[in-house]
>>> print(open('query-v3.txt').read())   # compact mmCIF, C-alpha atoms
# COMPACT_ATOMS: atom_id res chain seq x y z
CA MET C 1 7.48 -22.54 -8.71
CA ASP C 2 5.11 -24.80 -10.57
CA SER C 3 1.67 -25.35 -9.21
CA ASN C 4 2.57 -28.97 -8.45
CA ASN C 5 4.77 -27.65 -5.68
CA ASN C 6 1.69 -27.60 -3.52
CA ARG C 7 3.18 -28.04 -0.09
CA LEU C 8 5.37 -24.97 -0.42
CA GLU C 9 2.53 -22.94 -1.90
CA SER C 10 0.33 -23.69 1.08
CA TRP C 11 3.23 -22.79 3.37
CA VAL C 12 3.42 -19.44 1.61
CA GLY C 13 -0.31 -19.03 2.16
CA TYR C 14 0.00 -19.81 5.87
CA ILE C 15 2.92 -17.39 6.33
CA LEU C 16 0.98 -14.58 4.69
CA ARG C 17 -2.26 -15.19 6.53
CA TYR C 18 -0.87 -15.81 10.00
CA GLY C 19 1.83 -13.16 9.59
CA VAL C 20 -0.80 -10.51 8.93
CA MET C 21 -3.05 -11.80 11.74
CA LEU C 22 -0.19 -11.81 14.24
CA ALA C 23 0.92 -8.32 13.19
CA ALA C 24 -2.65 -7.00 13.47
CA ALA C 25 -3.04 -8.54 16.95
CA VAL C 26 0.19 -6.91 18.17
CA VAL C 27 -0.80 -3.54 16.64
CA LEU C 28 -4.24 -3.83 18.28
CA ALA C 29 -2.71 -4.62 21.69
CA GLY C 30 -0.39 -1.62 21.40
CA GLY C 31 -3.26 0.53 20.12
CA ILE C 32 -5.45 -0.26 23.13
CA GLY C 33 -2.55 0.64 25.40
CA TYR C 34 -1.98 3.86 23.49
CA LEU C 35 -5.62 4.97 23.61
CA HIS C 36 -5.82 4.07 27.30
CA GLY C 37 -2.80 6.22 28.08
CA ALA C 38 -3.65 8.98 25.62
CA ALA C 39 -7.05 9.74 27.17
CA HIS C 40 -5.60 12.65 29.10
CA GLN C 41 -3.15 13.86 26.48
CA GLY C 42 -3.62 16.10 23.49
CA LEU C 43 -3.40 14.92 19.90
CA PRO C 44 0.14 15.00 18.52
CA ASP C 45 0.68 17.46 15.69
CA TYR C 46 0.42 15.48 12.46
CA THR C 47 -0.16 18.56 10.30
CA HIS C 48 3.53 19.22 9.72
CA PHE C 49 6.28 16.75 9.16
CA HIS C 50 8.96 16.75 11.86
CA SER C 51 12.11 15.28 10.46
CA GLY C 52 13.50 12.53 12.63
CA SER C 53 11.97 12.10 16.06
CA PHE C 54 8.31 12.47 16.86
CA GLN C 55 6.95 14.04 20.03
CA ASN C 56 4.37 12.54 22.35
CA GLY C 57 6.75 9.88 23.55
CA SER C 58 6.95 7.95 20.30
CA GLY C 59 10.45 9.30 19.64
CA GLN C 60 12.81 7.46 17.34
CA LEU C 61 11.81 3.84 16.99
CA ASP C 62 14.15 2.93 14.20
CA THR C 63 16.48 0.28 15.56
CA PHE C 64 15.67 -3.29 16.57
CA GLU C 65 17.33 -2.70 19.97
CA GLU C 66 15.35 0.48 20.62
CA ILE C 67 12.05 -1.21 19.78
CA ALA C 68 12.87 -4.33 21.81
CA ALA C 69 13.94 -2.34 24.87
CA ARG C 70 10.85 -0.16 24.83
CA VAL C 71 8.50 -3.08 24.17
CA ARG C 72 9.90 -4.71 27.32
CA ALA C 73 9.18 -1.48 29.15
CA GLY C 74 5.57 -1.86 27.97
CA GLU C 75 5.50 1.32 25.86
CA PRO C 76 2.39 1.28 23.62
CA ASN C 77 4.02 3.10 20.69
CA ALA C 78 6.86 0.58 20.67
CA ILE C 79 4.38 -2.34 20.72
CA ILE C 80 2.55 -0.87 17.70
CA GLN C 81 5.88 -0.39 15.94
CA LEU C 82 6.77 -4.05 16.65
CA GLY C 83 3.50 -5.10 15.01
CA LEU C 84 4.25 -2.91 11.97
CA LEU C 85 7.70 -4.47 11.75
CA LEU C 86 6.16 -7.98 11.82
CA LEU C 87 3.86 -6.88 9.00
CA ILE C 88 6.79 -5.62 6.90
CA LEU C 89 8.65 -8.89 7.54
CA THR C 90 5.71 -10.98 6.21
CA PRO C 91 6.33 -10.43 2.45
CA ILE C 92 10.06 -10.69 3.10
CA ALA C 93 9.52 -14.14 4.65
CA ARG C 94 7.56 -15.02 1.55
CA VAL C 95 10.51 -14.18 -0.71
CA ALA C 96 12.75 -16.29 1.55
CA LEU C 97 10.38 -19.25 1.13
CA CYS C 98 10.44 -18.75 -2.64
CA ILE C 99 14.25 -18.99 -2.64
CA LEU C 100 13.90 -22.31 -0.81
CA GLY C 101 11.21 -23.50 -3.22
CA PHE C 102 13.23 -22.68 -6.34
CA ALA C 103 16.29 -24.32 -4.78
CA LEU C 104 14.30 -27.53 -4.22
CA GLU C 105 13.25 -27.39 -7.89
CA LYS C 106 16.92 -26.87 -8.81
CA ASN C 107 15.82 -23.78 -10.74
CA ARG C 108 19.11 -21.88 -10.50
CA LEU C 109 17.96 -18.93 -12.59
CA TYR C 110 15.08 -18.21 -10.23
CA VAL C 111 17.12 -18.80 -7.08
CA ALA C 112 19.32 -15.98 -8.40
CA VAL C 113 16.33 -13.75 -9.27
CA SER C 114 14.79 -14.26 -5.80
CA CYS C 115 18.13 -13.51 -4.17
CA ILE C 116 18.35 -10.18 -6.00
CA VAL C 117 14.89 -9.23 -4.71
CA MET C 118 15.91 -10.34 -1.19
CA THR C 119 19.06 -8.19 -1.38
CA VAL C 120 17.05 -5.10 -2.31
CA LEU C 121 14.61 -5.75 0.57
CA MET C 122 17.45 -6.28 3.06
CA PHE C 123 19.19 -3.15 1.85
CA SER C 124 16.06 -1.10 2.54
CA LEU C 125 15.48 -2.64 5.96
CA MET C 126 19.12 -2.32 7.05
CA HIS C 127 19.26 1.20 5.70
CA GLY C 128 16.10 1.91 7.65
CA LEU C 129 16.62 0.11 10.92
CA MET O 1 -20.00 59.39 12.83
CA ARG O 2 -22.86 56.95 13.06
CA LYS O 3 -22.30 55.92 9.48
CA HIS O 4 -18.70 55.17 10.24
CA ASP O 5 -19.74 52.98 13.16
CA ARG O 6 -22.12 51.03 11.03
CA THR O 7 -19.53 50.23 8.41
CA ALA O 8 -17.27 48.99 11.16
CA THR O 9 -19.90 46.60 12.47
CA ASP O 10 -20.71 45.51 8.93
CA TYR O 11 -17.10 44.79 8.36
CA ASN O 12 -17.01 42.79 11.57
CA ARG O 13 -20.01 40.78 10.52
CA LEU O 14 -18.36 39.95 7.21
CA LYS O 15 -15.25 38.63 8.87
CA PRO O 16 -15.18 34.84 8.87
CA ILE O 17 -16.53 33.42 12.08
CA PRO O 18 -13.50 32.22 14.00
CA VAL O 19 -13.78 28.45 13.92
CA SER O 20 -12.84 27.17 17.34
CA PHE O 21 -10.18 24.63 16.45
CA GLU O 22 -10.88 22.48 19.46
CA PRO O 23 -8.07 19.95 19.12
CA MET O 24 -9.57 16.51 18.66
CA SER O 25 -8.79 14.04 21.41
CA PRO O 26 -6.56 11.10 20.41
CA ILE O 27 -9.50 8.74 20.93
CA ASP O 28 -11.86 10.73 18.66
CA PHE O 29 -9.15 11.16 16.05
CA SER O 30 -8.19 7.46 16.03
CA GLY O 31 -11.86 6.47 15.91
CA LEU O 32 -12.64 8.71 12.93
CA VAL O 33 -9.49 7.64 11.08
CA PHE O 34 -10.39 3.99 11.80
CA LEU O 35 -13.91 4.43 10.37
CA SER O 36 -12.64 6.23 7.24
CA SER O 37 -10.04 3.50 6.69
CA LEU O 38 -12.68 0.82 7.21
CA LEU O 39 -14.81 2.40 4.48
CA ALA O 40 -11.79 2.82 2.18
CA GLY O 41 -10.84 -0.84 2.65
CA LEU O 42 -14.42 -2.02 2.12
CA LEU O 43 -14.94 -0.01 -1.08
CA GLY O 44 -11.44 -0.86 -2.28
CA ALA O 45 -12.06 -4.60 -1.97
CA LEU O 46 -15.56 -4.45 -3.46
CA SER O 47 -14.49 -2.41 -6.48
CA GLY O 48 -11.14 -4.15 -6.94
CA LEU O 49 -9.34 -0.81 -6.89
CA GLY O 50 -7.65 -1.24 -3.52
CA GLY O 51 -8.22 0.98 -0.51
CA GLY O 52 -4.78 2.56 -0.38
CA VAL O 53 -5.37 4.92 -3.24
CA VAL O 54 -8.06 6.96 -1.42
CA LEU O 55 -6.38 6.94 2.00
CA VAL O 56 -3.74 9.58 1.30
CA PRO O 57 -6.22 12.14 -0.10
CA VAL O 58 -8.62 11.50 2.81
CA LEU O 59 -5.88 11.80 5.45
CA THR O 60 -4.34 14.93 3.95
CA MET O 61 -7.49 16.81 2.93
CA PHE O 62 -10.01 15.81 5.62
CA PHE O 63 -7.73 15.16 8.59
CA HIS O 64 -5.01 17.69 7.62
CA VAL O 65 -2.26 15.12 8.11
CA ASP O 66 1.09 15.97 6.51
CA ILE O 67 1.44 14.06 3.22
CA ARG O 68 4.56 12.27 4.47
CA TYR O 69 2.79 10.79 7.49
CA ALA O 70 -0.18 9.95 5.25
CA ILE O 71 1.90 8.00 2.71
CA GLY O 72 3.66 6.20 5.59
CA ALA O 73 0.37 5.01 7.09
CA SER O 74 -1.01 4.17 3.64
CA LEU O 75 2.02 2.05 2.73
CA ILE O 76 1.51 -0.01 5.90
CA SER O 77 -2.13 -0.67 4.99
CA VAL O 78 -1.08 -1.66 1.46
CA ILE O 79 1.22 -4.39 2.84
CA ALA O 80 -1.57 -5.66 5.10
CA THR O 81 -4.23 -5.94 2.38
CA SER O 82 -1.84 -7.36 -0.23
CA SER O 83 -0.65 -10.15 2.06
CA GLY O 84 -4.19 -10.86 3.24
CA ALA O 85 -5.56 -11.15 -0.31
CA ALA O 86 -2.53 -12.97 -1.76
CA ALA O 87 -2.97 -15.74 0.82
CA ALA O 88 -6.29 -16.58 -0.85
CA TYR O 89 -5.04 -16.29 -4.46
CA VAL O 90 -2.02 -18.57 -3.98
CA ARG O 91 -4.36 -21.51 -3.38
CA GLU O 92 -6.49 -20.83 -6.47
CA GLY O 93 -3.52 -21.23 -8.83
CA PHE O 94 -3.91 -18.00 -10.79
CA SER O 95 -0.90 -16.03 -9.62
CA ASN O 96 2.41 -16.86 -11.31
CA VAL O 97 5.22 -16.86 -8.76
CA ARG O 98 8.01 -16.88 -11.41
CA ILE O 99 6.66 -13.92 -13.36
CA GLY O 100 5.93 -12.09 -10.11
CA MET O 101 9.42 -12.66 -8.74
CA PHE O 102 11.13 -11.65 -11.97
CA LEU O 103 9.17 -8.40 -12.19
CA GLU O 104 9.74 -7.70 -8.50
CA VAL O 105 13.39 -7.02 -9.35
CA ALA O 106 12.07 -3.97 -11.24
CA THR O 107 9.41 -2.93 -8.70
CA THR O 108 11.63 -3.18 -5.60
CA VAL O 109 14.48 -1.19 -7.17
CA GLY O 110 11.87 1.34 -8.38
CA ALA O 111 10.41 1.49 -4.86
CA LEU O 112 13.83 2.34 -3.41
CA LEU O 113 14.12 5.18 -5.92
CA GLY O 114 10.58 6.39 -5.12
CA ALA O 115 11.13 6.32 -1.36
CA TRP O 116 14.39 8.19 -1.82
CA LEU O 117 12.60 10.80 -3.99
CA THR O 118 10.03 11.59 -1.25
CA ALA O 119 12.73 13.55 0.57
CA ILE O 120 13.56 15.63 -2.51
CA VAL O 121 10.25 16.21 -4.29
CA SER O 122 8.12 19.03 -2.83
CA THR O 123 4.73 18.35 -1.22
CA PRO O 124 2.67 20.09 -3.98
CA THR O 125 4.50 18.04 -6.64
CA ILE O 126 3.73 14.80 -4.77
CA GLY O 127 0.10 15.92 -4.48
CA PHE O 128 -0.07 16.72 -8.20
CA ILE O 129 1.40 13.35 -9.25
CA PHE O 130 -0.97 11.68 -6.81
CA GLY O 131 -3.94 13.36 -8.49
CA LEU O 132 -2.83 12.15 -11.93
CA VAL O 133 -2.41 8.58 -10.63
CA LEU O 134 -5.94 8.75 -9.15
CA PHE O 135 -7.31 9.79 -12.57
CA TYR O 136 -5.46 6.94 -14.24
CA SER O 137 -6.70 4.37 -11.68
CA ALA O 138 -10.31 5.41 -12.28
CA TYR O 139 -9.84 5.28 -16.06
CA ALA O 140 -8.14 1.87 -15.94
CA SER O 141 -10.89 0.36 -13.82
CA LEU O 142 -13.67 1.47 -16.19
CA LYS O 143 -11.91 0.58 -19.43
CA LYS O 144 -13.18 -2.47 -21.29
CA LYS O 145 -10.96 -5.51 -20.96
CA LYS O 146 -9.82 -6.88 -24.31
CA SER O 147 -8.68 -10.45 -24.69
CA HIS O 148 -5.31 -10.81 -26.34
CA GLY O 149 -5.64 -14.03 -28.28
CA ASN O 150 -2.60 -16.15 -28.94
CA LYS O 151 0.37 -14.21 -30.25
CA ALA O 152 3.87 -15.43 -30.83
CA PRO O 153 5.88 -15.55 -27.61
CA ASP O 154 9.29 -13.93 -27.70
CA LEU O 155 12.64 -15.54 -27.09
CA LEU O 156 13.50 -13.59 -23.94
CA ALA O 157 10.26 -14.65 -22.25
CA CYS O 158 11.02 -18.29 -23.01
CA ARG O 159 14.58 -18.01 -21.74
CA LEU O 160 13.26 -16.47 -18.51
CA LYS O 161 10.51 -19.13 -18.27
CA LEU O 162 7.81 -16.47 -18.10
CA HIS O 163 5.04 -18.93 -18.85
CA GLY O 164 2.39 -20.85 -16.98
CA SER O 165 -1.14 -22.12 -17.03
CA PHE O 166 -4.29 -21.33 -15.10
CA PRO O 167 -7.68 -22.97 -14.53
CA GLY O 168 -9.77 -21.46 -17.35
CA GLU O 169 -13.30 -22.15 -18.56
CA HIS O 170 -12.16 -25.06 -20.76
CA GLY O 171 -9.66 -26.72 -18.44
CA GLN O 172 -6.07 -25.55 -17.98
CA GLU O 173 -5.11 -22.71 -20.33
CA SER O 174 -1.45 -21.95 -20.94
CA TYR O 175 0.20 -18.61 -21.72
CA VAL O 176 3.63 -17.10 -22.38
CA GLY O 177 4.70 -13.52 -21.72
CA ARG O 178 5.75 -11.12 -24.49
CA ARG O 179 7.56 -7.77 -24.73
CA VAL O 180 9.56 -8.37 -21.56
CA PRO O 181 11.58 -5.11 -21.63
CA ALA O 182 8.41 -2.98 -21.91
CA GLY O 183 6.79 -4.86 -19.03
CA PHE O 184 9.95 -4.61 -16.95
CA GLY O 185 10.21 -0.87 -17.58
CA LEU O 186 6.57 -0.24 -16.67
CA MET O 187 7.07 -2.28 -13.51
CA PHE O 188 9.98 -0.05 -12.56
CA THR O 189 7.64 2.95 -12.96
CA ALA O 190 4.99 1.18 -10.86
CA GLY O 191 7.58 0.59 -8.12
CA THR O 192 8.73 4.22 -8.19
CA LEU O 193 5.14 5.48 -7.88
CA SER O 194 4.54 3.02 -5.04
CA GLY O 195 7.58 4.27 -3.12
CA LEU O 196 6.85 7.94 -3.85
CA LEU O 197 3.13 7.89 -3.03
CA GLY O 198 2.76 5.05 -0.50
CA ILE O 199 0.29 3.19 -2.71
CA GLY O 200 0.23 -0.32 -4.20
CA SER O 201 0.04 1.07 -7.76
CA GLY O 202 -1.87 -2.04 -8.81
CA ALA O 203 -3.31 -0.25 -11.85
CA VAL O 204 0.16 0.30 -13.38
CA LYS O 205 1.25 -3.24 -12.48
CA VAL O 206 -1.78 -4.68 -14.25
CA LEU O 207 -1.04 -2.40 -17.23
CA ALA O 208 2.48 -3.85 -17.44
CA MET O 209 1.36 -7.48 -17.36
CA ASP O 210 -2.00 -7.33 -19.11
CA GLN O 211 -1.30 -4.74 -21.82
CA ALA O 212 2.47 -4.81 -22.33
CA MET O 213 3.24 -8.47 -21.70
CA GLY O 214 -0.05 -9.86 -22.96
CA LEU O 215 -0.73 -12.04 -19.92
CA PRO O 216 -4.31 -13.17 -19.14
CA PHE O 217 -6.23 -10.58 -17.09
CA LYS O 218 -6.90 -12.85 -14.12
CA VAL O 219 -3.23 -13.87 -13.97
CA SER O 220 -2.21 -10.18 -14.15
CA THR O 221 -4.47 -9.02 -11.32
CA THR O 222 -3.64 -11.84 -8.91
CA THR O 223 0.10 -11.72 -9.63
CA SER O 224 -0.03 -7.94 -9.20
CA ASN O 225 -1.63 -8.43 -5.79
CA PHE O 226 1.14 -10.81 -4.78
CA MET O 227 3.76 -8.30 -5.89
CA ILE O 228 2.25 -5.28 -4.13
CA GLY O 229 3.28 -6.42 -0.63
CA VAL O 230 6.88 -7.16 -1.62
CA THR O 231 7.16 -3.83 -3.48
CA ALA O 232 5.78 -1.91 -0.50
CA ALA O 233 8.12 -3.74 1.90
CA ALA O 234 11.05 -2.39 -0.17
CA SER O 235 10.16 1.23 0.60
CA ALA O 236 8.94 0.55 4.17
CA GLY O 237 12.48 0.32 5.59
CA ILE O 238 13.37 3.74 4.20
CA TYR O 239 10.05 5.20 5.39
CA LEU O 240 10.79 3.89 8.90
CA SER O 241 14.21 5.51 9.05
CA ARG O 242 12.85 8.82 7.75
CA GLY O 243 10.13 8.85 10.43
CA TYR O 244 7.21 8.74 7.94
CA ILE O 245 5.61 5.86 9.82
CA VAL O 246 4.07 7.15 13.06
CA PRO O 247 2.86 4.17 15.13
CA ALA O 248 -0.17 5.93 16.65
CA LEU O 249 -1.39 7.09 13.21
CA ALA O 250 -0.58 3.90 11.30
CA MET O 251 -2.48 1.85 13.92
CA PRO O 252 -6.09 2.92 13.14
CA VAL O 253 -5.32 3.07 9.39
CA MET O 254 -3.90 -0.46 9.21
CA LEU O 255 -6.59 -2.04 11.39
CA GLY O 256 -9.38 -0.18 9.60
CA VAL O 257 -8.27 -1.00 6.05
CA LEU O 258 -7.59 -4.64 6.97
CA ALA O 259 -11.02 -5.11 8.59
CA GLY O 260 -12.72 -3.29 5.71
CA SER O 261 -11.03 -5.29 2.97
CA LEU O 262 -11.68 -8.61 4.73
CA ALA O 263 -15.36 -7.72 5.07
CA GLY O 264 -15.37 -6.55 1.44
CA SER O 265 -13.96 -9.79 0.08
CA LYS O 266 -16.65 -11.72 2.02
CA LEU O 267 -19.41 -9.49 0.62
CA LEU O 268 -17.99 -9.52 -2.91
CA ILE O 269 -20.04 -12.48 -4.07
CA ARG O 270 -23.34 -10.70 -3.52
CA ALA O 271 -22.39 -7.15 -4.48
CA ARG O 272 -23.18 -5.47 -7.82
CA VAL O 273 -19.59 -4.94 -8.86
CA ARG O 274 -20.20 -2.76 -11.93
CA THR O 275 -22.28 -0.13 -10.17
CA LEU O 276 -19.87 -0.09 -7.23
CA ARG O 277 -16.86 0.26 -9.48
CA LEU O 278 -18.47 3.19 -11.26
CA LEU O 279 -19.36 4.89 -7.97
CA PHE O 280 -15.92 4.38 -6.47
CA SER O 281 -14.28 5.62 -9.68
CA LEU O 282 -16.30 8.83 -9.42
CA VAL O 283 -15.13 9.26 -5.81
CA ILE O 284 -11.53 8.71 -6.96
CA VAL O 285 -11.85 11.26 -9.78
CA ALA O 286 -13.29 13.82 -7.33
CA LEU O 287 -10.47 13.21 -4.86
CA GLY O 288 -7.92 13.42 -7.68
CA ALA O 289 -9.33 16.76 -8.86
CA GLU O 290 -9.30 18.14 -5.31
CA MET O 291 -5.76 16.87 -4.77
CA ILE O 292 -4.54 18.61 -7.95
CA TRP O 293 -6.42 21.79 -7.11
CA ASN O 294 -5.00 21.86 -3.56
CA SER O 295 -1.49 21.27 -4.93
CA ILE O 296 -1.77 24.17 -7.37
CA ALA O 297 -3.37 26.45 -4.76
CA GLY O 298 -0.62 25.56 -2.29
CA LYS O 299 -3.06 24.21 0.30
CA LEU O 300 -1.51 20.81 0.82
>>> encode(input="query-v3.txt", output="structure tokens")
Amino acid sequence: MDSNNNRLESWVGYILRYGVMLAAAVVLAGGIGYLHGAAHQGLPDYTHFHSGSFQNGSGQLDTFEEIAARVRAGEPNAIIQLGLLLLILTPIARVALCILGFALEKNRLYVAVSCIVMTVLMFSLMHGL
Amino acid sequence: MRKHDRTATDYNRLKPIPVSFEPMSPIDFSGLVFLSSLLAGLLGALSGLGGGVVLVPVLTMFFHVDIRYAIGASLISVIATSSGAAAAYVREGFSNVRIGMFLEVATTVGALLGAWLTAIVSTPTIGFIFGLVLFYSAYASLKKKKSHGNKAPDLLACRLKLHGSFPGEHGQESYVGRRVPAGFGLMFTAGTLSGLLGIGSGAVKVLAMDQAMGLPFKVSTTTSNFMIGVTAAASAGIYLSRGYIVPALAMPVMLGVLAGSLAGSKLLIRARVRTLRLLFSLVIVALGAEMIWNSIAGKL
């Protein structure tokens, strides 16, 4: 994208800034809920890695459905996880905007390059969630 | 008889005093982790070294968090600070979106490899590599920056349109990348380290663009910042599925680093950057040495 493509650049800036702010707000909301509920619980054991699920109610939060269902139930850990997911989606949204920007410039080479990056990101997210 | 008794009491006195491991409450733990992350983010932004690189050593060595949970939380904070900082740089016109996107092909594929390796490589090995990367980051930040001058651009860089211009001291200055394969290869390494260690590996990214490809320093650092978030997002999905990202632990780390780095970038104008960079580099070297020592001694 050339710097004369100012409108798109400022869109990218907005996405990044407000994406991070939104994610932080959701994580904070979940965090307050977690600390409120955790006052009478012990600290989970972080000293050793437990493959797969995690105790203390956080369990497996690795599918969109699981997170959505438990956010609706008002579970603090799920709300934090939703915020983290929003954060991870922020740079991905940026790559999506770049594809659009290069397409508007009719820069086919860089539409292809951006699509490769997008594929790798989607592979990781789908593999993960 | 009496003598025997005395030796027994002496022996008892010599025994280490049993430290009462009163388990910290979740509120105390989150508060302390938040404050440490705040400081890491603040110093990271002020020195330009990024806060992520000290988080993993602090979490593993001071808070005794398993290295896999530590790199998960650190990776989250890396995405937050990169996106926050990149929002500002995009407007200034230094970062080059084309060069960044092209090199992200290398960093994201590298990040997938790195994230995959975390399940195979042993904890002491990860700790050892981490220590070496800490040493390199400190060295890279203190090294004198040389200007490249104008050298002949190569054909591949022109084909790939790896050129641009930035607002320099004497109006717009233009540049073209060189040695594309070397830069691409180094970027792959940077991505692998990022996925393996949960860091942004900005130092290696800048090495690839500034040293290998001969891009202007300011363009290299800002483009690197823009790439860090995308690179980290590529390993985040795998980290999530492996269970490296624990919401309750990532929460204070992310919020702390974000608040610290925002405050740091506001303070930056008034701070004495050179002294700070030197101080923070010393901290990083000390943490790196301790990390390597702990890895060899099997204490990680």
>>> atom_distance(input="query-v3.txt", atom1="atom CA of Leu46 of chain O", atom2="atom CA of Gly264 of chain O")
5.3 Å
>>> residues_around(input="query-v3.txt", residues="segment 99-102 of chain O", least_positions_apart="2", cutoff="6 Å", atoms="all atoms listed in the file", output="ChimeraX atom specification")
/O:96-97,104-105,162,223
>>> closest_atom_pairs(input="query-v3.txt", of="chain O", to="chain C", cutoff="6 Å", atoms="only C-alpha atoms", output="tab-separated table")
residue	atom	partner	partner_atom	distance
O:Ser25	CA	C:Leu43	CA	5.7
O:Pro26	CA	C:Leu43	CA	5.0
O:His64	CA	C:Thr47	CA	5.6
O:Val65	CA	C:Thr47	CA	4.6
O:Asp66	CA	C:Thr47	CA	4.8
O:Ser83	CA	C:Leu16	CA	5.4
O:Gly84	CA	C:Arg17	CA	5.8
O:Ala87	CA	C:Gly13	CA	4.4
O:Val105	CA	C:Val117	CA	5.4
O:Gly229	CA	C:Pro91	CA	5.9
O:Val230	CA	C:Pro91	CA	5.2
O:Ala233	CA	C:Ile88	CA	5.5
O:Ala234	CA	C:Leu121	CA	5.0
O:Gly237	CA	C:Leu125	CA	4.2
O:Ile238	CA	C:Gly128	CA	4.8
O:Leu240	CA	C:Gly128	CA	5.8
O:Ser241	CA	C:Gly128	CA	4.3
O:Gly243	CA	C:Gly52	CA	5.5
O:Pro247	CA	C:Gln81	CA	5.5
>>> atom_distance(input="query-v3.txt", atom1="atom CA of Ile67 of chain O", atom2="atom CA of Thr123 of chain O")
7.0 Å
>>> atom_distance(input="query-v3.txt", atom1="atom CA of Leu100 of chain C", atom2="atom CA of Ile199 of chain O")
29.0 Å
>>> closest_residue(input="query-v3.txt", among="O:Ile79, O:Ala263, O:Ala208, O:Leu43", to="Ser194 of chain O", atoms="only C-alpha atoms")
O:Ile79
>>> closest_residue(input="query-v3.txt", among="O:Gly195, O:Gly72, O:Gly131, O:Gly41", to="Leu112 of chain O", atoms="all atoms listed in the file")
O:Gly195
